[in-house]
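Chemist: Take a look at final02.csv, CSV, C-alpha atoms:
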```csv
chain,number,residue,atom,x,y,z
A,1,MET,CA,42.5,82.2,89.9
A,2,SER,CA,45.5,83.5,88.0
A,3,THR,CA,46.8,81.4,85.1
A,4,SER,CA,48.6,82.3,81.9
A,5,SER,CA,47.5,81.5,78.4
A,6,VAL,CA,49.5,79.4,76.0
A,7,ASP,CA,49.3,79.7,72.2
A,8,ARG,CA,48.8,76.0,71.5
A,9,PRO,CA,47.3,73.0,73.2
A,10,LEU,CA,49.7,71.4,75.7
A,11,GLN,CA,51.5,68.3,74.3
A,12,PRO,CA,53.1,65.2,75.8
A,13,GLY,CA,56.3,66.4,77.6
A,14,ASP,CA,54.8,69.8,78.5
A,15,GLN,CA,54.5,70.8,82.2
A,16,ALA,CA,50.9,71.1,83.2
A,17,PRO,CA,49.9,74.3,85.0
A,18,ASN,CA,48.4,74.4,88.4
A,19,ILE,CA,44.8,75.5,88.3
A,20,VAL,CA,42.4,76.0,91.2
A,21,LEU,CA,38.6,75.6,90.5
A,22,ASP,CA,35.3,75.5,92.3
A,23,ALA,CA,34.3,71.9,93.0
A,24,ILE,CA,30.9,70.8,91.8
A,25,SER,CA,30.9,67.2,93.2
A,26,ARG,CA,31.8,68.4,96.7
A,27,ASP,CA,32.3,71.6,98.6
A,28,GLY,CA,35.5,73.7,98.3
A,29,LYS,CA,38.2,73.9,95.7
A,30,ILE,CA,40.1,71.4,93.5
A,31,ALA,CA,43.7,72.2,92.6
A,32,LEU,CA,45.8,70.2,90.1
A,33,ASP,CA,48.7,70.5,92.6
A,34,ASP,CA,46.7,68.3,94.9
A,35,PHE,CA,47.4,65.3,92.7
A,36,ARG,CA,51.1,65.8,92.1
A,37,GLY,CA,53.3,63.3,93.7
A,38,ARG,CA,50.2,61.2,94.5
A,39,ASN,CA,48.3,60.1,91.4
A,40,PRO,CA,48.3,60.5,87.6
A,41,LEU,CA,45.3,62.6,86.5
A,42,LEU,CA,43.0,62.6,83.5
A,43,ILE,CA,41.6,66.1,83.2
A,44,GLY,CA,38.9,66.9,80.6
A,45,MET,CA,38.0,70.5,79.9
A,46,PHE,CA,34.6,70.8,78.2
A,47,ARG,CA,32.1,73.5,77.2
A,48,GLY,CA,29.1,73.8,79.4
A,49,LEU,CA,26.5,71.2,80.2
A,50,HIS,CA,24.2,72.9,77.7
A,51,CYS,CA,26.4,71.2,75.0
A,52,PRO,CA,25.1,67.7,74.2
A,53,PHE,CA,28.5,66.5,73.2
A,54,CYS,CA,30.1,67.7,76.4
A,55,ARG,CA,27.4,65.9,78.5
A,56,ARG,CA,28.4,62.8,76.6
A,57,HIS,CA,32.1,63.4,77.2
A,58,VAL,CA,31.5,63.7,80.9
A,59,ALA,CA,29.4,60.5,80.9
A,60,ALA,CA,32.1,58.7,79.0
A,61,MET,CA,34.7,59.8,81.5
A,62,ALA,CA,32.5,58.6,84.4
A,63,GLN,CA,32.1,55.3,82.6
A,64,LEU,CA,35.9,54.8,82.2
A,65,LYS,CA,36.7,56.0,85.7
A,66,PRO,CA,36.6,52.5,87.4
A,67,ALA,CA,39.0,51.1,84.8
A,68,LEU,CA,41.3,54.1,85.1
A,69,ARG,CA,41.1,53.9,88.9
A,70,GLU,CA,42.4,50.3,88.8
A,71,LYS,CA,45.5,51.8,87.1
A,72,GLY,CA,45.8,54.5,89.8
A,73,VAL,CA,44.6,57.3,87.5
A,74,GLU,CA,42.2,59.9,88.9
A,75,CYS,CA,39.7,61.8,86.7
A,76,LEU,CA,38.5,65.4,86.7
A,77,ALA,CA,35.9,66.9,84.4
A,78,VAL,CA,35.8,70.7,84.1
A,79,VAL,CA,32.8,72.5,82.6
A,80,ILE,CA,32.1,76.1,81.9
A,81,THR,CA,28.6,75.9,83.5
A,82,PRO,CA,28.4,77.9,86.8
A,83,VAL,CA,28.8,75.8,89.9
A,84,GLU,CA,25.2,76.0,91.2
A,85,ARG,CA,23.6,75.2,87.9
A,86,ALA,CA,26.1,72.3,87.5
A,87,ARG,CA,25.2,70.9,90.9
A,88,LEU,CA,21.6,71.0,90.0
A,89,TYR,CA,22.3,69.0,86.8
A,90,PHE,CA,24.3,66.3,88.6
A,91,ARG,CA,21.7,66.0,91.3
A,92,TYR,CA,19.4,64.5,88.7
A,93,HIS,CA,22.1,63.0,86.4
A,94,PRO,CA,24.6,61.7,88.9
A,95,ALA,CA,28.1,60.7,87.9
A,96,PRO,CA,29.2,58.6,90.8
A,97,ASP,CA,32.6,59.3,92.2
A,98,LEU,CA,33.6,61.5,89.3
A,99,LEU,CA,35.3,64.7,90.4
A,100,THR,CA,33.8,67.7,88.6
A,101,ALA,CA,34.7,71.4,88.7
A,102,SER,CA,33.3,74.6,87.4
A,103,ASP,CA,35.3,77.2,85.4
A,104,PRO,CA,32.9,79.8,83.9
A,105,GLU,CA,35.9,82.1,83.0
A,106,ARG,CA,37.6,79.3,81.0
A,107,ALA,CA,40.9,80.1,82.7
A,108,SER,CA,41.8,76.4,82.7
A,109,HIS,CA,41.0,76.1,79.0
A,110,ARG,CA,43.4,78.9,78.2
A,111,ALA,CA,46.1,77.6,80.5
A,112,PHE,CA,46.1,74.3,78.6
A,113,GLY,CA,46.0,76.1,75.2
A,114,LEU,CA,42.5,75.2,74.2
A,115,ARG,CA,41.6,78.1,71.9
A,116,GLU,CA,38.4,79.5,70.5
A,117,VAL,CA,37.4,79.3,66.9
A,118,GLY,CA,35.4,82.1,65.2
A,119,MET,CA,31.6,82.0,64.9
A,120,GLY,CA,32.0,81.8,61.1
A,121,THR,CA,33.7,78.5,61.6
A,122,VAL,CA,31.1,77.2,64.0
A,123,MET,CA,28.2,78.3,61.8
A,124,ALA,CA,29.7,76.5,58.8
A,125,ILE,CA,29.8,73.1,60.6
A,126,ARG,CA,27.2,70.5,59.8
A,127,VAL,CA,26.8,67.5,62.1
A,128,HIS,CA,25.5,64.2,60.9
A,129,LEU,CA,24.4,61.7,63.6
A,130,PRO,CA,22.4,58.9,61.8
A,131,GLY,CA,19.7,57.6,64.1
A,132,GLU,CA,19.9,60.7,66.4
A,133,LEU,CA,19.4,63.6,64.0
A,134,PRO,CA,16.9,63.8,61.1
A,135,GLY,CA,19.8,64.8,58.8
A,136,PRO,CA,22.9,67.0,58.8
A,137,MET,CA,22.3,70.0,61.0
A,138,GLY,CA,24.1,73.2,62.0
A,139,VAL,CA,25.5,73.4,65.5
A,140,MET,CA,22.8,75.7,66.9
A,141,ALA,CA,20.0,73.6,65.5
A,142,MET,CA,21.7,70.4,66.6
A,143,ASP,CA,22.1,71.7,70.2
A,144,GLU,CA,18.4,72.7,70.3
A,145,PHE,CA,17.2,69.4,68.8
A,146,LEU,CA,19.3,67.2,71.1
A,147,ASN,CA,18.6,69.3,74.2
A,148,LYS,CA,14.9,69.0,73.6
A,149,LYS,CA,15.2,65.3,72.8
A,150,GLU,CA,17.2,64.6,76.0
A,151,GLY,CA,15.0,66.9,78.2
A,152,TYR,CA,17.8,69.4,79.0
A,153,VAL,CA,16.1,72.7,79.9
A,154,ILE,CA,18.2,75.8,79.1
A,155,THR,CA,18.4,78.2,82.0
A,156,GLU,CA,19.7,81.8,82.2
A,157,ALA,CA,23.0,80.4,83.5
A,158,ASP,CA,23.2,78.1,80.5
A,159,GLN,CA,22.4,81.0,78.1
A,160,GLN,CA,25.3,82.9,79.6
A,161,ALA,CA,27.6,80.0,79.2
A,162,MET,CA,26.5,79.4,75.6
A,163,ALA,CA,27.1,83.0,74.7
A,164,SER,CA,30.7,82.8,75.9
A,165,SER,CA,31.7,79.4,74.8
A,166,GLN,CA,30.2,78.5,71.5
A,167,GLY,CA,33.5,78.3,69.7
A,168,GLN,CA,35.5,76.9,72.6
A,169,LEU,CA,37.6,73.8,71.8
A,170,VAL,CA,37.6,71.0,74.4
A,171,GLY,CA,40.3,68.6,75.2
A,172,GLN,CA,41.6,65.9,77.6
A,173,PHE,CA,45.0,65.6,79.1
A,174,LEU,CA,46.7,62.7,81.0
A,175,ILE,CA,49.1,64.1,83.5
A,176,ASP,CA,51.7,62.0,85.4
A,177,ARG,CA,52.5,62.2,89.1
A,178,GLY,CA,55.2,64.8,88.3
A,179,GLY,CA,52.8,67.1,86.6
A,180,ILE,CA,54.0,66.3,83.0
A,181,VAL,CA,51.4,65.8,80.2
A,182,ARG,CA,51.9,62.3,78.8
A,183,TRP,CA,48.9,62.1,76.4
A,184,SER,CA,46.5,64.6,75.0
A,185,PHE,CA,43.4,64.8,72.8
A,186,THR,CA,42.0,68.0,71.4
A,187,GLU,CA,38.6,68.4,69.6
A,188,VAL,CA,38.5,69.5,66.0
A,189,LEU,CA,35.9,72.1,64.9
A,190,GLU,CA,35.8,72.8,61.2
A,191,ALA,CA,33.4,72.8,58.4
A,192,GLY,CA,32.3,69.3,57.3
A,193,LEU,CA,30.5,66.3,58.8
A,194,ASN,CA,31.3,64.6,62.1
A,195,THR,CA,33.8,67.2,63.2
A,196,PHE,CA,32.9,66.8,66.9
A,197,SER,CA,34.8,63.8,68.1
A,198,ALA,CA,36.0,62.1,71.3
A,199,PRO,CA,39.2,60.2,72.2
A,200,ASN,CA,39.5,56.5,71.4
A,201,PRO,CA,39.0,54.7,74.8
A,202,GLU,CA,41.5,52.0,73.9
A,203,GLU,CA,44.1,54.6,73.1
A,204,LEU,CA,43.4,56.4,76.4
A,205,MET,CA,43.6,53.2,78.4
A,206,SER,CA,46.9,52.2,76.7
A,207,ALA,CA,48.3,55.7,77.6
A,208,ALA,CA,47.1,55.2,81.2
A,209,SER,CA,48.9,51.9,81.4
A,210,GLN,CA,52.1,53.5,80.4
A,211,VAL,CA,51.8,56.5,82.7
A,212,THR,CA,51.4,54.4,85.8
A,213,HIS,CA,54.6,52.3,85.2
```
In structure tokens, what does this structure look like?
Modeler:
Amino acid sequence: MSTSSVDRPLQPGDQAPNIVLDAISRDGKIALDDFRGRNPLLIGMFRGLHCPFCRRHVAAMAQLKPALREKGVECLAVVITPVERARLYFRYHPAPDLLTASDPERASHRAFGLREVGMGTVMAIRVHLPGELPGPMGVMAMDEFLNKKEGYVITEADQQAMASSQGQLVGQFLIDRGGIVRWSFTEVLEAGLNTFSAPNPEELMSAASQVTH
């Protein structure tokens, strides 16, 4: 796949690039151009499935999919996890009807302007999840704690994805039928508590209502 990089996350009004990815949820490829002229698309670009927050983002997208489908919006979740490893995960943690794709090279992230932050920034982060974590924890310790708690076993493929994506920002973009970004959300990674965040579902559904009219 050949895509160019942009120096900032795409914003409403920007033209979305075409990207072609290996499908996880079915055989073959998935291209963004397949949706143009047919359906608006919510695309989420996440780190690998080794990331507890990214697994939650994917699950949240799957949960919202029926409501988005009623508005005519399709959904696509992209993870850095290699395709065979991702297929194994979804075999045991199905996300019914959610289109998923694998992008180990992170070409889609770069094409949408989702940058990486330095390891110094990542290591300075402390995450506080009352009821889930025993106290504020660093990112590495948090990942290890939650993966163990949730029974996610790290494989060699996961280790490779972790090594290449620890500081990768994630984001979600709502694209209209003409291929124009109409709404976007980009993760914040910086020192402090509760820096990992997800979009507000009500804000997303409001944007979806507007993009389909």
Chemist: If we count all atoms listed in the file and set the cut-off at 9 Å, which residues sit around segment 72-86 of chain A, ignoring sequence neighbours fewer than 5 positions away in its own chain? Please answer as a ChimeraX atom specification.
Modeler: /A:21-24,35,39-50,54,57-58,61-62,65,67,91,98-106,108,155,157-158,160-162,165,172,174,176,208,211-212
Chemist: Between atom CA of Pro134 of chain A and atom CA of Arg56 of chain A, what distance in Å does the model show, to one decimal?
Modeler: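 These two atoms are separated by 19.3 Å.
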Chemist: Which protein, DNA or RNA residues have an atom at most 9 Å from (48.8, 59.9, 72.4), counting all atoms listed in the file? List them as a count of residues only.
Modeler: 8
Chemist: Select, counting all atoms listed in the file, all protein, DNA and RNA residues no farther than 10 Å from (49.4, 77.4, 80.4) in file coordinates, and express the selection as a CSV table (one decimal) with C-alpha atoms, keeping the file's coordinate frame.
Modeler:
```csv
chain,number,residue,atom,x,y,z
A,3,THR,CA,46.8,81.4,85.1
A,4,SER,CA,48.6,82.3,81.9
A,5,SER,CA,47.5,81.5,78.4
A,6,VAL,CA,49.5,79.4,76.0
A,7,ASP,CA,49.3,79.7,72.2
A,8,ARG,CA,48.8,76.0,71.5
A,9,PRO,CA,47.3,73.0,73.2
A,10,LEU,CA,49.7,71.4,75.7
A,14,ASP,CA,54.8,69.8,78.5
A,15,GLN,CA,54.5,70.8,82.2
A,16,ALA,CA,50.9,71.1,83.2
A,17,PRO,CA,49.9,74.3,85.0
A,18,ASN,CA,48.4,74.4,88.4
A,19,ILE,CA,44.8,75.5,88.3
A,107,ALA,CA,40.9,80.1,82.7
A,108,SER,CA,41.8,76.4,82.7
A,109,HIS,CA,41.0,76.1,79.0
A,110,ARG,CA,43.4,78.9,78.2
A,111,ALA,CA,46.1,77.6,80.5
A,112,PHE,CA,46.1,74.3,78.6
A,113,GLY,CA,46.0,76.1,75.2
A,114,LEU,CA,42.5,75.2,74.2
```
Chemist: Which is closer to Ala59 of chain A than all the others in A:Met205, A:Ala198, A:Glu144, A:Asp27, using all atoms listed in the file?
Modeler: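 Checking each of A:Met205, A:Ala198, A:Glu144, A:Asp27 against Ala59 of chain A, counting all atoms listed in the file, the winner is A:Ala198.
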Chemist: Considering all atoms listed in the file, can you say which of A:Gly151, A:Gly179, A:Pro52, A:Gly135 comes closest to Gly37 of chain A?
Modeler: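 Checking each of A:Gly151, A:Gly179, A:Pro52, A:Gly135 against Gly37 of chain A, counting all atoms listed in the file, the winner is A:Gly179.
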Chemist: Report, in Å to a single decimal, how far apart atom CA of Ser209 of chain A and atom CA of Lys71 of chain A are.
Modeler: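 Taking atom CA of Lys71 of chain A and atom CA of Ser209 of chain A, their separation equals 6.6 Å.
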Chemist: Kindly indicate which residue among A:Arg115, A:Val170, A:Val122, A:Pro201 lies nearest to Gln63 of chain A, using only C-alpha atoms for the distances.
Modeler: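 Comparing A:Arg115, A:Val170, A:Val122, A:Pro201 against Gln63 of chain A, the winner is A:Pro201.
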Chemist: Can you work out the spacing between atom CA of Tyr152 of chain A and atom CA of Val117 of chain A in Å, to one decimal?
Modeler: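 Atom-to-atom, atom CA of Tyr152 of chain A and atom CA of Val117 of chain A are spaced 25.1 Å apart.
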Chemist: May I ask which of the residues A:Leu129, A:Val181, A:Cys51, A:Ile175 is the closest one to Ile154 of chain A, counting all atoms listed in the file?
Modeler: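 Looking at the shortest contact to Ile154 of chain A, the residue is A:Cys51.
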Chemist: Which neighbours of Val188 of chain A fall inside 9 Å, counting all atoms listed in the file, when residues of the same chain fewer than 5 positions from it are skipped, and could you give them as a list in words?
Modeler: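 Within the cut-off, the hits are Leu169, Val170, Thr195, Phe196 and Ser197 of chain A.
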Chemist: Include C-alpha atoms and write out the residues we just selected as a compact mmCIF listing (two decimals), in the frame of the given file.
Modeler:
```
# COMPACT_ATOMS: atom_id res chain seq x y z
CA LEU A 169 37.60 73.80 71.80
CA VAL A 170 37.60 71.00 74.40
CA THR A 195 33.80 67.20 63.20
CA PHE A 196 32.90 66.80 66.90
CA SER A 197 34.80 63.80 68.10
```
Chemist: Let me make sure I understand: among A:Lys149, A:Gly118, A:Pro66, A:Phe90, which one has the smallest atom-to-atom distance to Leu133 of chain A if we use all atoms listed in the file?
Modeler: A:Lys149
